[in-house]
>>> print(open('run20.pdb').read())   # PDB, C-alpha atoms
ATOM      1  CA  MET V  28      16.848  71.349  27.569  1.00  0.00           C
ATOM      2  CA  SER V  29      19.516  72.165  30.125  1.00  0.00           C
ATOM      3  CA  VAL V  30      18.669  74.684  32.815  1.00  0.00           C
ATOM      4  CA  PRO V  31      21.598  76.994  33.632  1.00  0.00           C
ATOM      5  CA  ALA V  32      23.182  76.110  36.997  1.00  0.00           C
ATOM      6  CA  ARG V  33      22.451  79.492  38.619  1.00  0.00           C
ATOM      7  CA  LEU V  34      18.755  79.083  37.781  1.00  0.00           C
ATOM      8  CA  ARG V  35      18.683  75.469  38.990  1.00  0.00           C
ATOM      9  CA  ARG V  36      19.776  76.689  42.419  1.00  0.00           C
ATOM     10  CA  VAL V  37      16.824  79.104  42.468  1.00  0.00           C
ATOM     11  CA  PHE V  38      14.383  76.320  41.587  1.00  0.00           C
ATOM     12  CA  ASP V  39      15.986  73.953  44.136  1.00  0.00           C
ATOM     13  CA  ALA V  40      15.623  76.570  46.879  1.00  0.00           C
ATOM     14  CA  GLY V  41      12.007  77.272  45.885  1.00  0.00           C
ATOM     15  CA  ASP V  42      10.949  73.611  46.086  1.00  0.00           C
ATOM     16  CA  PRO V  43      10.133  72.744  49.719  1.00  0.00           C
ATOM     17  CA  GLY V  44      10.300  69.020  48.911  1.00  0.00           C
ATOM     18  CA  PHE V  45      13.694  69.126  47.196  1.00  0.00           C
ATOM     19  CA  SER V  46      15.877  68.821  50.294  1.00  0.00           C
ATOM     20  CA  SER V  47      13.946  65.800  51.551  1.00  0.00           C
ATOM     21  CA  SER V  48      13.743  64.125  48.144  1.00  0.00           C
ATOM     22  CA  SER V  49      16.087  61.231  47.536  1.00  0.00           C
ATOM     23  CA  ALA V  50      15.332  61.418  43.811  1.00  0.00           C
ATOM     24  CA  GLY V  51      17.212  64.726  43.421  1.00  0.00           C
ATOM     25  CA  ARG V  52      14.509  66.111  41.182  1.00  0.00           C
ATOM     26  CA  THR V  53      13.305  69.677  41.503  1.00  0.00           C
ATOM     27  CA  GLN V  54       9.618  70.390  41.001  1.00  0.00           C
ATOM     28  CA  LEU V  55       8.432  73.539  39.215  1.00  0.00           C
ATOM     29  CA  VAL V  56       5.430  74.837  37.289  1.00  0.00           C
ATOM     30  CA  ALA V  57       5.422  75.964  33.655  1.00  0.00           C
ATOM     31  CA  VAL V  58       2.702  78.442  32.739  1.00  0.00           C
ATOM     32  CA  TYR V  59       2.236  78.354  28.972  1.00  0.00           C
ATOM     33  CA  GLY V  60      -0.663  80.792  28.735  1.00  0.00           C
ATOM     34  CA  PRO V  61      -3.012  81.514  25.844  1.00  0.00           C
ATOM     35  CA  ASP V  62      -2.288  80.643  22.217  1.00  0.00           C
ATOM     36  CA  TRP V  63      -0.827  84.075  21.414  1.00  0.00           C
ATOM     37  CA  TRP V  64       1.958  83.675  24.016  1.00  0.00           C
ATOM     38  CA  ASN V  65       5.193  82.725  22.281  1.00  0.00           C
ATOM     39  CA  TRP V  66       6.925  82.013  25.577  1.00  0.00           C
ATOM     40  CA  ILE V  67       6.455  80.015  28.755  1.00  0.00           C
ATOM     41  CA  GLU V  68       7.018  81.072  32.353  1.00  0.00           C
ATOM     42  CA  LEU V  69       8.747  78.806  34.869  1.00  0.00           C
ATOM     43  CA  TYR V  70       7.837  79.268  38.533  1.00  0.00           C
ATOM     44  CA  THR V  71       9.242  77.740  41.690  1.00  0.00           C
ATOM     45  CA  ILE V  72       6.783  75.828  43.855  1.00  0.00           C
ATOM     46  CA  ASP V  73       7.035  78.552  46.520  1.00  0.00           C
ATOM     47  CA  ALA V  74       6.232  81.274  43.960  1.00  0.00           C
ATOM     48  CA  ILE V  75       3.259  79.421  42.489  1.00  0.00           C
ATOM     49  CA  GLU V  76       1.850  78.761  45.966  1.00  0.00           C
ATOM     50  CA  GLU V  77       2.148  82.481  46.776  1.00  0.00           C
ATOM     51  CA  ILE V  78       0.300  83.344  43.553  1.00  0.00           C
ATOM     52  CA  ASP V  79      -2.398  80.768  44.345  1.00  0.00           C
ATOM     53  CA  ALA V  80      -2.887  82.388  47.762  1.00  0.00           C
ATOM     54  CA  GLN V  81      -3.218  85.811  46.096  1.00  0.00           C
ATOM     55  CA  ILE V  82      -5.783  84.431  43.648  1.00  0.00           C
ATOM     56  CA  ASP V  83      -7.726  82.890  46.558  1.00  0.00           C
ATOM     57  CA  ARG V  84      -8.081  86.379  48.086  1.00  0.00           C
ATOM     58  CA  LEU V  85      -9.859  87.697  44.975  1.00  0.00           C
ATOM     59  CA  THR V  86     -13.644  87.730  44.864  1.00  0.00           C
ATOM     60  CA  ARG V  87     -14.955  84.294  43.975  1.00  0.00           C
ATOM     61  CA  GLY V  88     -16.563  84.378  40.514  1.00  0.00           C
ATOM     62  CA  SER V  89     -14.986  87.710  39.530  1.00  0.00           C
ATOM     63  CA  GLN V  90     -13.554  88.022  36.033  1.00  0.00           C
ATOM     64  CA  GLU V  91     -10.120  88.758  37.493  1.00  0.00           C
ATOM     65  CA  ARG V  92     -10.103  85.631  39.639  1.00  0.00           C
ATOM     66  CA  ARG V  93     -11.511  83.422  36.880  1.00  0.00           C
ATOM     67  CA  TRP V  94      -8.953  84.693  34.363  1.00  0.00           C
ATOM     68  CA  LEU V  95      -6.041  84.200  36.770  1.00  0.00           C
ATOM     69  CA  GLU V  96      -7.287  80.721  37.722  1.00  0.00           C
ATOM     70  CA  LEU V  97      -7.440  79.815  34.036  1.00  0.00           C
ATOM     71  CA  LEU V  98      -3.987  81.245  33.333  1.00  0.00           C
ATOM     72  CA  MET V  99      -2.081  80.031  36.384  1.00  0.00           C
ATOM     73  CA  ASN V 100      -3.866  76.699  36.902  1.00  0.00           C
ATOM     74  CA  GLY V 101      -5.580  75.759  33.646  1.00  0.00           C
ATOM     75  CA  GLN V 102      -2.790  76.845  31.308  1.00  0.00           C
ATOM     76  CA  SER V 103       0.082  75.351  33.242  1.00  0.00           C
ATOM     77  CA  THR V 104       1.770  72.039  33.821  1.00  0.00           C
ATOM     78  CA  ASP V 105       3.999  70.541  36.498  1.00  0.00           C
ATOM     79  CA  LEU V 106       7.578  69.807  35.436  1.00  0.00           C
ATOM     80  CA  GLU V 107      10.783  68.673  37.065  1.00  0.00           C
ATOM     81  CA  ILE V 108      14.485  69.227  36.638  1.00  0.00           C
ATOM     82  CA  ASP V 109      16.484  65.993  36.879  1.00  0.00           C
ATOM     83  CA  ARG V 110      19.813  65.454  38.675  1.00  0.00           C
ATOM     84  CA  GLU V 111      21.739  66.455  35.548  1.00  0.00           C
ATOM     85  CA  GLY V 112      19.896  69.773  35.278  1.00  0.00           C
ATOM     86  CA  ARG V 113      17.705  68.756  32.368  1.00  0.00           C
ATOM     87  CA  LEU V 114      14.135  69.895  31.939  1.00  0.00           C
ATOM     88  CA  VAL V 115      12.027  67.907  29.493  1.00  0.00           C
ATOM     89  CA  LEU V 116       9.251  69.978  27.972  1.00  0.00           C
ATOM     90  CA  PRO V 117       6.130  68.159  26.824  1.00  0.00           C
ATOM     91  CA  GLN V 118       5.679  68.019  23.038  1.00  0.00           C
ATOM     92  CA  LYS V 119       2.828  70.562  23.257  1.00  0.00           C
ATOM     93  CA  LEU V 120       5.176  73.166  24.774  1.00  0.00           C
ATOM     94  CA  ARG V 121       8.025  72.408  22.370  1.00  0.00           C
ATOM     95  CA  GLU V 122       5.625  72.979  19.477  1.00  0.00           C
ATOM     96  CA  LYS V 123       4.304  76.194  21.023  1.00  0.00           C
ATOM     97  CA  LEU V 124       7.863  77.541  21.274  1.00  0.00           C
ATOM     98  CA  ARG V 125       8.864  76.144  17.853  1.00  0.00           C
ATOM     99  CA  PHE V 126      11.698  74.172  19.447  1.00  0.00           C
ATOM    100  CA  SER V 127      13.356  71.511  17.363  1.00  0.00           C
ATOM    101  CA  GLU V 128      16.331  69.252  18.069  1.00  0.00           C
ATOM    102  CA  GLY V 129      19.349  71.369  18.972  1.00  0.00           C
ATOM    103  CA  THR V 130      17.450  74.677  19.321  1.00  0.00           C
ATOM    104  CA  GLU V 131      19.176  77.010  21.722  1.00  0.00           C
ATOM    105  CA  THR V 132      16.871  78.302  24.428  1.00  0.00           C
ATOM    106  CA  ILE V 133      16.664  81.755  25.960  1.00  0.00           C
ATOM    107  CA  PHE V 134      16.133  81.884  29.732  1.00  0.00           C
ATOM    108  CA  GLU V 135      15.456  85.394  31.072  1.00  0.00           C
ATOM    109  CA  SER V 136      14.805  86.187  34.700  1.00  0.00           C
ATOM    110  CA  ARG V 137      11.657  88.199  35.310  1.00  0.00           C
ATOM    111  CA  GLY V 138      11.900  88.571  39.071  1.00  0.00           C
ATOM    112  CA  ASP V 139       9.907  85.704  40.526  1.00  0.00           C
ATOM    113  CA  TYR V 140       9.805  83.628  37.351  1.00  0.00           C
ATOM    114  CA  ILE V 141      11.914  82.718  34.335  1.00  0.00           C
ATOM    115  CA  GLN V 142      10.669  83.472  30.840  1.00  0.00           C
ATOM    116  CA  VAL V 143      11.691  80.872  28.236  1.00  0.00           C
ATOM    117  CA  TYR V 144      11.440  81.462  24.498  1.00  0.00           C
ATOM    118  CA  HIS V 145      12.886  80.699  21.075  1.00  0.00           C
ATOM    119  CA  PRO V 146      15.977  82.804  20.299  1.00  0.00           C
ATOM    120  CA  ASP V 147      14.561  83.912  16.932  1.00  0.00           C
ATOM    121  CA  GLU V 148      11.312  85.251  18.372  1.00  0.00           C
ATOM    122  CA  ARG V 149      11.233  87.707  21.261  1.00  0.00           C
ATOM    123  CA  PRO V 150       8.205  87.412  23.523  1.00  0.00           C
ATOM    124  CA  LYS V 151       5.254  89.428  22.264  1.00  0.00           C
ATOM    125  CA  ASP V 152       4.852  91.124  25.644  1.00  0.00           C
ATOM    126  CA  VAL V 153       8.303  92.719  25.257  1.00  0.00           C
ATOM    127  CA  ALA V 154       7.110  94.793  22.292  1.00  0.00           C
ATOM    128  CA  ALA V 155       4.371  96.304  24.462  1.00  0.00           C
ATOM    129  CA  LEU V 156       6.937  97.133  27.162  1.00  0.00           C
ATOM    130  CA  GLU V 157       9.220  98.741  24.577  1.00  0.00           C
ATOM    131  CA  ASP V 158       6.297 100.863  23.331  1.00  0.00           C
ATOM    132  CA  PHE V 159       5.543 101.905  26.920  1.00  0.00           C
ATOM    133  CA  ALA V 160       9.202 102.866  27.464  1.00  0.00           C
ATOM    134  CA  ALA V 161       9.282 104.821  24.206  1.00  0.00           C
ATOM    135  CA  SER V 162       6.214 106.807  25.306  1.00  0.00           C
ATOM    136  CA  LYS V 163       8.201 108.050  28.322  1.00  0.00           C
ATOM    137  CA  GLY V 164      10.917 109.563  26.121  1.00  0.00           C
ATOM    138  CA  PRO V 165      14.590 108.754  25.571  1.00  0.00           C
ATOM    139  CA  GLU V 166      15.775 110.277  28.860  1.00  0.00           C
ATOM    140  CA  PHE V 167      13.392 108.265  31.062  1.00  0.00           C
ATOM    141  CA  ASP V 168      15.028 105.817  33.457  1.00  0.00           C
ATOM    142  CA  PRO V 169      12.608 103.030  34.496  1.00  0.00           C
ATOM    143  CA  ARG V 170      14.426 102.651  37.812  1.00  0.00           C
ATOM    144  CA  ALA V 171      12.476 105.763  38.837  1.00  0.00           C
ATOM    145  CA  PHE V 172       9.546 103.404  39.476  1.00  0.00           C
ATOM    146  CA  LEU V 173      11.538 101.915  42.349  1.00  0.00           C
ATOM    147  CA  ASP V 174      11.002 105.057  44.441  1.00  0.00           C
ATOM    148  CA  ALA V 175       7.227 104.502  44.359  1.00  0.00           C
ATOM    149  CA  ALA V 176       7.695 100.815  45.153  1.00  0.00           C
ATOM    150  CA  ALA V 177       9.837 101.646  48.187  1.00  0.00           C
ATOM    151  CA  SER V 178       7.076 103.764  49.742  1.00  0.00           C
ATOM    152  CA  GLY V 179       4.500 100.984  49.343  1.00  0.00           C
ATOM    153  CA  PRO V 180       1.065 101.114  47.779  1.00  0.00           C
ATOM    154  CA  GLY V 181      -0.785 104.349  48.342  1.00  0.00           C
ATOM    155  CA  GLU V 182       1.997 105.944  50.392  1.00  0.00           C
ATOM    156  CA  ASP V 183       3.370 108.324  47.736  1.00  0.00           C
TER     157      ASP V 183
END
>>> encode(input="run20.pdb", output="structure tokens")
Amino acid sequence: MSVPARLRRVFDAGDPGFSSSSAGRTQLVAVYGPDWWNWIELYTIDAIEEIDAQIDRLTRGSQERRWLELLMNGQSTDLEIDREGRLVLPQKLREKLRFSEGTETIFESRGDYIQVYHPDERPKDVAALEDFAASKGPEFDPRAFLDAAASGPGED
């Protein structure tokens, strides 16, 4: 599949080895998650290394750390974008996403990663977010959460 140019630049910038690589290939990590996920998440090398450092700070043997290690390390694979901006997904991931020859792909930015999914099937996590938003009422503006984020954790 072809990665949109604006996203390729993000992945290029987030790959510390890209500028020194003569191959012109950008490294990234695809997290495909558990069987019920109907999407994959694409992370830059910088982002995945930051997540790994956060996981390392969790208590060794804790359920949280073990689950995150499984998700981010055990349910992921290394990929690369070639000089022409193409990303070849392994057969396992194409089957997971129900991609066939000529299937258009949805790339949606989610902050520090890109969510990729089949255009006929929105990610299952979006339904939960829509339910959460609906519980706040029709007048609620989610940008209100940004005020709390600006003050930092525990500084409300």
>>> residues_around(input="run20.pdb", residues="V:Ala57", least_positions_apart="3", cutoff="9 Å", atoms="only C-alpha atoms", output="PyMOL selection string")
chain V and resi 67-70+99+102-106
>>> write_last_selection(input="run20.pdb", atoms="C-alpha atoms", output="mmCIF file, keeping the file's coordinate frame")
data_model
loop_
_atom_site.group_PDB
_atom_site.id
_atom_site.type_symbol
_atom_site.label_atom_id
_atom_site.label_comp_id
_atom_site.auth_asym_id
_atom_site.auth_seq_id
_atom_site.Cartn_x
_atom_site.Cartn_y
_atom_site.Cartn_z
ATOM 1 C CA ILE V 67 6.455 80.015 28.755
ATOM 2 C CA GLU V 68 7.018 81.072 32.353
ATOM 3 C CA LEU V 69 8.747 78.806 34.869
ATOM 4 C CA TYR V 70 7.837 79.268 38.533
ATOM 5 C CA MET V 99 -2.081 80.031 36.384
ATOM 6 C CA GLN V 102 -2.790 76.845 31.308
ATOM 7 C CA SER V 103 0.082 75.351 33.242
ATOM 8 C CA THR V 104 1.770 72.039 33.821
ATOM 9 C CA ASP V 105 3.999 70.541 36.498
ATOM 10 C CA LEU V 106 7.578 69.807 35.436
#
>>> atom_distance(input="run20.pdb", atom1="atom CA of V:Asp62", atom2="atom CA of V:Leu97")
12.9 Å
>>> resolve_selection(input="run20.pdb", expression="the PyMOL selection byres ((chain V and resi 63) around 12)", output="list in words")
Tyr59, Gly60, Pro61, Asp62, Trp64, Asn65, Trp66, Ile67, Lys123, Leu124, Pro150, Lys151 and Asp152 of chain V
>>> resolve_selection(input="run20.pdb", expression="the PyMOL selection byres ((chain V and resi 37) around 12)", output="PyMOL selection string")
chain V and resi 30-36+38-43+45+53-55+69-74+108+136+138-141
>>> residues_around(input="run20.pdb", residues="V:Leu95", least_positions_apart="6", cutoff="12 Å", atoms="only C-alpha atoms", output="NGL selection string")
:V and (58 or 60-61 or 75 or 78-89 or 101-103)
>>> axis_aligned_box(input="run20.pdb", around="stretch 70-86 of chain V", padding_each_side="8 Å", output="JSON")
{"center_x": -2.2, "center_y": 81.8, "center_z": 43.3, "size_x": 38.9, "size_y": 27.9, "size_z": 25.6}
>>> residues_around(input="run20.pdb", residues="V:Asp109", least_positions_apart="3", cutoff="7 Å", atoms="all atoms listed in the file", output="PyMOL selection string")
chain V and resi 51-53+112-114
>>> atom_distance(input="run20.pdb", atom1="atom CA of V:Arg137", atom2="atom CA of V:Ala160")
16.8 Å
>>> residues_around(input="run20.pdb", residues="V:Gly129", least_positions_apart="3", cutoff="10 Å", atoms="all atoms listed in the file", output="list in words")
Met28, Phe126 and Thr132 of chain V
